[in-house]
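What follows is a set of notes on a single structure, which appears directly below.
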Amino acid sequence: MTTHSISQKSSTLWNPSFLFVVLSNALLFMVFEMMLPTLPLFVTELGGKANQVGLVTGAFMFSAILIRPFASLLAHKLNKKYLLLIGIGISALCTGAYYLSTDIYMLLIIRVVHGIGFGIASTFFATIAAENIPIERRGEGIGYFGVGETIAISLGPLLGIAILQSSNFITLFGGGMTLLFLSLIMGLFIKKKPLNMDEGKEKKVEFKLLEKKVLFPSLLIFLVGIAASGIMSFISLYAIEQGFQYVGWFFFIIALASFMIRLVSGKIFDEFGHAYILIPSAILSTIGLFILYGATTNFSFFLAAVFYGLGFGAIFPAIQTWCLNLVMEDEHEDAMSSFFNFFDLGIGGGSLLLGIVATLFTYQIIYLIAIFMYVTFLILYIGYIKMRRN
């Protein structure tokens with residue numbers, strides 16, 4: 001390949017492969033989001049309690065965490081595209097298999113296997129997307145990549161709840177499996193950047209449970225994950241406790257706010273750096289959680305979604321891009337493994353912890369703990385910035 005063609009390729013953001021990555025990844029996350037407000041209801045139908053709702057979420061996240069370092073290791077030896085397709089396929093089959101669950105224990109087993117598939121797919125979607133984005137436009141590109149997820153997030157809960165209201169769980173799980181098979185078909189058209197043999201031939205491949213270069217941003221996304229688990233796992237049950245209606249619209253508003261902020265946050269990241277995104281976004285998320293904690297009407301419930309959506313929508317891709325920028329290209333899988341693992345550890349651990357808290361007290365207390373996570377985020381990050389400047 002000539003220098004001219006490389007230059008042309010590096011300046012192109014929207015190409016067919018990147019578009020299929022965005023769409024296929026969006027379907028993966030749409031099905032994931034369809035399960036968020038509906039699976040807790042399936043757990044209660046099976047006779048489960050609040051702490052078991054957290055356990056079902058936690059099992060999924062922990063299995064995703066455990067598989068990612070091995071997926072990263074395999075990426076140095078096998079074609080990333082094939083590994084991606086395997087991950088999507090596992091997710092599709094497990095989604096359809098949920099209806100076979102006759103008790104919590106069978107559901108947990110399927111959730112563990114599903115977590116493995118999701119862990120593989122989400123890691124390679126992120127790294128293959130990064131390979132299709134010019135380095136100088138990475139913040140913008142990852143932001144657009146996340147827009148696909150955001151649109152899916154807006155439709156997923158609404159679709160999941162609508163299916164349950166008009167039909168039943170077998171239609172929900174069957175529909176989710178169908179969407180994931182569509183994602184699998186789209187994945188066939190994704191092109192992976194060829195391995196640079198001059199760089200990779202002599203390099204020793206190591207198993208990395210954690211990429212040390214991205215430890216601090218991964219710690220920040222861990223705190224974000226704990227707070228997010230309160231929204232993902234318990235908002236449907238909190239809404240019932242408080243008498244709020246239209247939970248699907250709560251998720252839609254979060255997604256819409258996230259979509260709007262991502263149209264500009266990536267460009268701000270590329271131009272000015274992560275501080276200009278992370279501090280304002282953490283403050284917005286904190287405001288949203290304060291409103292949610294004290295919400296007494298549907299209006300305040302939806303207002304909380306606006307602020308939280310603006311904050312979370314900018315924070316997630318900003319930290320993801322920051323992690324990618326801290327490592328070399330052949331370390332992207334390790335960086336994304338650490339990034340997603342810390343986020344999922346926050347989601348999984350948070351779901352277990354908050355499930356216990358909700359059982360002992362009320363679902364409202366969950367969002368007080370979430371506020372504390374973001375306050376800790378701000379203290380640590382501002383301290384980091386000051387330390388770097390001195």
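We label chains A, B, ... in the order they appear in the structure tokens, count residues from 1 in each chain, and number ligands from 1 in the order shown.
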When you look at His332 of chain A with a cut-off of 9 Å (counting only C-alpha atoms), what residues show up, excluding the ones that are within fewer than 3 positions of it in the same chain? I need them as a CSV table (one decimal) with C-alpha atoms, in the first residue's frame.
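Result file is out.csv:
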chain,number,residue,atom,x,y,z
A,72,SER,CA,-7.5,-10.4,24.3
A,126,ALA,CA,-14.6,-1.7,20.3
A,127,THR,CA,-11.2,-2.6,19.0
A,130,ALA,CA,-11.0,1.8,16.7
A,323,CYS,CA,-7.8,4.3,27.4
A,324,LEU,CA,-7.2,3.7,23.7
A,327,VAL,CA,-1.7,2.4,24.6
A,328,MET,CA,-0.2,1.3,21.3
A,329,GLU,CA,-2.5,-0.2,18.6
A,335,ALA,CA,-6.9,-1.7,27.1
A,336,MET,CA,-10.5,-2.4,26.1
A,337,SER,CA,-10.5,-5.6,28.2
Item checked: Test item: residues at most 12 Å from Leu289 of chain A, only C-alpha atoms, excluding those fewer than 3 positions along its chain, as a ChimeraX atom specification -> /A:227-228,230-231,235,282-286,292-295,300-312,364-375
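When only C-alpha atoms are used to compute distances to Ala59 of chain A, the closest of the residues A:Met232, A:Val43, A:Leu380, A:Leu345 turns out to be A:Leu345.
Each of A:Leu353, A:Ile240, A:Ile347, A:Ile142 was compared to Leu263 of chain A using only C-alpha atoms, and A:Ile142 turns out to be the nearest.
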Margin query: List as an MDAnalysis selection string the protein and nucleic acid residues near segment 341-344 of chain A, meaning an atom at most 7 Å away when only C-alpha atoms are counted, but skip any in the same chain fewer than 6 places from it.
Written below: chainID A and resid 61 65 218:219 221:222 225
Notebook entry, point to check: Pick from A:Arg68, A:Lys191, A:His114, A:Arg388: nearest to Val21 of chain A, with only C-alpha atoms counted?
Noted result: A:Lys191
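Minimum atom-to-atom distances from A:Val31, A:Ile120, A:Val53, A:Leu19 to Leu182 of chain A were compared using only C-alpha atoms, and the lowest value belongs to A:Val31.
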Next item on the list: Could you check which of A:Ser338, A:Gln242, A:Ser183, A:Ser281 is closest to Leu66 of chain A, using only C-alpha atoms?
Entry: A:Ser338
